[in-house]
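The structure under discussion appears below in the form of structure tokens.
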Amino acid sequence: MSLPLARRMDGVTSSPVRDLLALTTRPGVISFAGGVPAPELFDVDGLRAAFDRALADGPAQRALQYSPTEGNPRLRELLAERLSGRGLPTTVDDLLITTGSQQGLQLLSTALLDPGATVLVEEPVYLSALQCFRLAEARIVPVPGDEEGIDPVALDEIAARERPSLLYLVPTFSNPSGRTVGPERRRALAEVIARHGFWLVEDDPYHELRYRGEREEPLSARPELAGRTIYLGTFSKVISPGMRLGWFRAPGELLRRVTILKQATDLHTSTVDQAAAAEYLAAADLDAHVRRLCATYRVRRDAMMAELPAITPPGTTWTDPDGGMFVWVTLPGGADTDRLLPEALRHDVAFVPGSAFQVGEPDRSALRLSFASHGPETIAEGLRRLGKVLDSGRRVIT
């Protein structure tokens, strides 16, 4: 006999990407499923030196001790300088260090959402955000978009009808679509949000991974949105996901409330990882490291763009991202990528079906591919395998 769980667990399912990782670790599988940074690009020597400095005789006891919930002051100072350089003026007092940006999503969901509160999301949407909002028992309403991202006219209409608590958005190199909201649309979105008076939650994990075009200022920097934005970020994509370091930028009163919630969750994020990150930011040339990342990922994106026309059926469309890690592919003819995935795994290639990222009636013809983890030759081989699946599966996708 199973014992009962809290009602809030109803409808909260495991992440398909996490589940796929277990299936794709077997030898020979080429996985385009996870948005996983390329491990060969980690600055292992620089991080080893940073941990050595964090554990040097003088500060060693501090680095291994309990620390303030708000986070390492030096790390927050360095981070504030970096965010201000993006065009988002930030002070130490605006920031809380979190255990990855995912914890920031969980904390804001607890702080802002009562059961039944309405959350607006772009569709398709980052699936782990859906997990957090569902755990908070929120009502999730998708807002349609196009190749430029979320549609401000649709947002205006839906906000007037639904009276949302917040809008969750990844406006720069979105996960999963790879799309970026341009300057004029950012202005229009800011006007809609300000007019209706709900929170903007801007998740910006890929901001520095730009391969083409001019860098956008965060949407949170728009003057119309002053005092109404929560800005989430992470070091996972440019330093190391294993360090589990993110940040939460918010107005003072909300930040104080969220800090209390974090105290109840984990007291504080790893002291030694924060100390090492502060040492790394202070000593390493992170901008040069990011340029190396972008140079490598640009080649990998281009390799995927070059192969897609040859391996997909006529009528297939896909995004062409200016940065980030993802390409969103839509197949023609009534395709069902949930049904195609098992066949792909039998061919030793993996992707994430698009239905995992959708709130309403899913478009099962879509899938997400990540180009970050593999070099051009492996990408080409993986896509050739996927092409065989699409060819042999015409009876499945028509």
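Labels for the structure tokens follow display order: chains A, B, ..., residues from 1 in each chain, ligands from 1.
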DSSP-assigned strand (DSSP E) members of range 13-112 of chain A, reported as a PyMOL selection string: chain A and resi 30-31+95-98
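Contact shell of Arg139 in chain A at 9 Å (only C-alpha atoms; same-chain neighbours under 5 positions omitted): A:Pro115, A:Gly116, A:Ala117, A:Thr118, A:Val119, A:Leu120, A:Phe133, A:Arg134.
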Selection above as a file: all heavy atoms, as an mmCIF file, in the first residue's frame:
data_model
loop_
_atom_site.group_PDB
_atom_site.id
_atom_site.type_symbol
_atom_site.label_atom_id
_atom_site.label_comp_id
_atom_site.auth_asym_id
_atom_site.auth_seq_id
_atom_site.Cartn_x
_atom_site.Cartn_y
_atom_site.Cartn_z
ATOM 1 N N PRO A 115 -1.609 29.087 -4.599
ATOM 2 C CA PRO A 115 -2.283 28.111 -5.454
ATOM 3 C C PRO A 115 -3.359 28.786 -6.309
ATOM 4 O O PRO A 115 -4.153 29.586 -5.812
ATOM 5 C CB PRO A 115 -2.901 27.130 -4.445
ATOM 6 C CG PRO A 115 -1.975 27.196 -3.272
ATOM 7 C CD PRO A 115 -1.551 28.632 -3.185
ATOM 8 N N GLY A 116 -3.343 28.477 -7.586
ATOM 9 C CA GLY A 116 -4.308 29.066 -8.502
ATOM 10 C C GLY A 116 -3.862 30.359 -9.149
ATOM 11 O O GLY A 116 -4.532 30.864 -10.064
ATOM 12 N N ALA A 117 -2.729 30.932 -8.718
ATOM 13 C CA ALA A 117 -2.218 32.151 -9.347
ATOM 14 C C ALA A 117 -1.873 31.872 -10.805
ATOM 15 O O ALA A 117 -1.477 30.757 -11.164
ATOM 16 C CB ALA A 117 -0.997 32.657 -8.598
ATOM 17 N N THR A 118 -2.019 32.890 -11.636
ATOM 18 C CA THR A 118 -1.789 32.726 -13.068
ATOM 19 C C THR A 118 -0.380 33.147 -13.443
ATOM 20 O O THR A 118 0.072 34.245 -13.092
ATOM 21 C CB THR A 118 -2.808 33.548 -13.869
ATOM 22 O OG1 THR A 118 -4.120 33.073 -13.582
ATOM 23 C CG2 THR A 118 -2.548 33.423 -15.366
ATOM 24 N N VAL A 119 0.302 32.277 -14.163
ATOM 25 C CA VAL A 119 1.629 32.531 -14.691
ATOM 26 C C VAL A 119 1.541 32.483 -16.210
ATOM 27 O O VAL A 119 1.002 31.530 -16.777
ATOM 28 C CB VAL A 119 2.633 31.471 -14.200
ATOM 29 C CG1 VAL A 119 3.973 31.611 -14.916
ATOM 30 C CG2 VAL A 119 2.824 31.566 -12.697
ATOM 31 N N LEU A 120 2.061 33.513 -16.865
ATOM 32 C CA LEU A 120 2.127 33.523 -18.319
ATOM 33 C C LEU A 120 3.515 33.062 -18.759
ATOM 34 O O LEU A 120 4.528 33.438 -18.158
ATOM 35 C CB LEU A 120 1.859 34.922 -18.869
ATOM 36 C CG LEU A 120 0.537 35.582 -18.491
ATOM 37 C CD1 LEU A 120 0.381 36.916 -19.206
ATOM 38 C CD2 LEU A 120 -0.653 34.670 -18.786
ATOM 39 N N PHE A 133 6.516 25.919 -11.462
ATOM 40 C CA PHE A 133 5.203 26.559 -11.404
ATOM 41 C C PHE A 133 4.113 25.546 -11.080
ATOM 42 O O PHE A 133 3.159 25.851 -10.358
ATOM 43 C CB PHE A 133 4.913 27.272 -12.721
ATOM 44 C CG PHE A 133 5.903 28.354 -13.069
ATOM 45 C CD1 PHE A 133 6.255 28.594 -14.388
ATOM 46 C CD2 PHE A 133 6.497 29.120 -12.074
ATOM 47 C CE1 PHE A 133 7.171 29.584 -14.711
ATOM 48 C CE2 PHE A 133 7.421 30.113 -12.384
ATOM 49 C CZ PHE A 133 7.750 30.344 -13.707
ATOM 50 N N ARG A 134 4.264 24.333 -11.584
ATOM 51 C CA ARG A 134 3.276 23.297 -11.256
ATOM 52 C C ARG A 134 3.371 22.897 -9.789
ATOM 53 O O ARG A 134 2.350 22.650 -9.144
ATOM 54 C CB ARG A 134 3.471 22.093 -12.163
ATOM 55 C CG ARG A 134 2.967 22.338 -13.580
ATOM 56 C CD ARG A 134 3.395 21.268 -14.562
ATOM 57 N NE ARG A 134 2.817 21.494 -15.882
ATOM 58 C CZ ARG A 134 3.336 21.057 -17.019
ATOM 59 N NH1 ARG A 134 4.466 20.346 -17.002
ATOM 60 N NH2 ARG A 134 2.748 21.318 -18.180
#
Distance of CA of Leu331 in chain A from CA of Cys132 in chain A, expressed in Å to one decimal place: 29.3 Å
Neighbour list for Leu107 in chain A as a list in words, cut-off 10 Å, only C-alpha atoms, skip fewer than 6 positions in-chain: Thr98, Ser101, Cys132, Phe248, Arg257, Val258, Thr259, Ile260, Leu261, Lys262 and Thr265 of chain A
Could those residues be written to a file, using C-alpha atoms, as a PDB file, in the first residue's frame?
ATOM      1  CA  THR A  98      21.538  30.691  -5.352  1.00  0.00           C
ATOM      2  CA  SER A 101      19.355  29.519 -11.269  1.00  0.00           C
ATOM      3  CA  CYS A 132       8.469  24.843 -10.486  1.00  0.00           C
ATOM      4  CA  PHE A 248      18.695  36.206  -8.142  1.00  0.00           C
ATOM      5  CA  ARG A 257      11.593  37.681   1.604  1.00  0.00           C
ATOM      6  CA  VAL A 258      13.354  35.320  -0.784  1.00  0.00           C
ATOM      7  CA  THR A 259      16.458  35.340   1.428  1.00  0.00           C
ATOM      8  CA  ILE A 260      14.316  34.122   4.328  1.00  0.00           C
ATOM      9  CA  LEU A 261      12.941  31.361   2.093  1.00  0.00           C
ATOM     10  CA  LYS A 262      16.464  30.325   1.150  1.00  0.00           C
ATOM     11  CA  THR A 265      15.720  25.716   2.127  1.00  0.00           C
TER      12      THR A 265
END
Residue among A:Val389, A:Glu307, A:Glu343, A:Pro68 lying closest to Pro376 in chain A, counting only C-alpha atoms: A:Glu307
Residue contacts of Leu166 in chain A (12 Å, only C-alpha atoms) excluding same-chain residues fewer than 6 positions away, as an NGL selection string: :A and (108-109 or 111-114 or 117-122 or 133 or 138-141 or 155 or 159 or 193-194 or 196-202 or 228-230)
Interatomic distance, CA of Gly87 in chain A to CA of Ala226 in chain A (Å, one decimal):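 So the answer is 13.3 Å.
Every protein or nucleic acid residue with an atom no more than 10 Å from Arg256 in chain A, counting only C-alpha atoms and leaving out same-chain residues fewer than 6 positions away, appears here: Glu70, Asp93, Asp94, Leu96, Ala250 and Lys262 of chain A.
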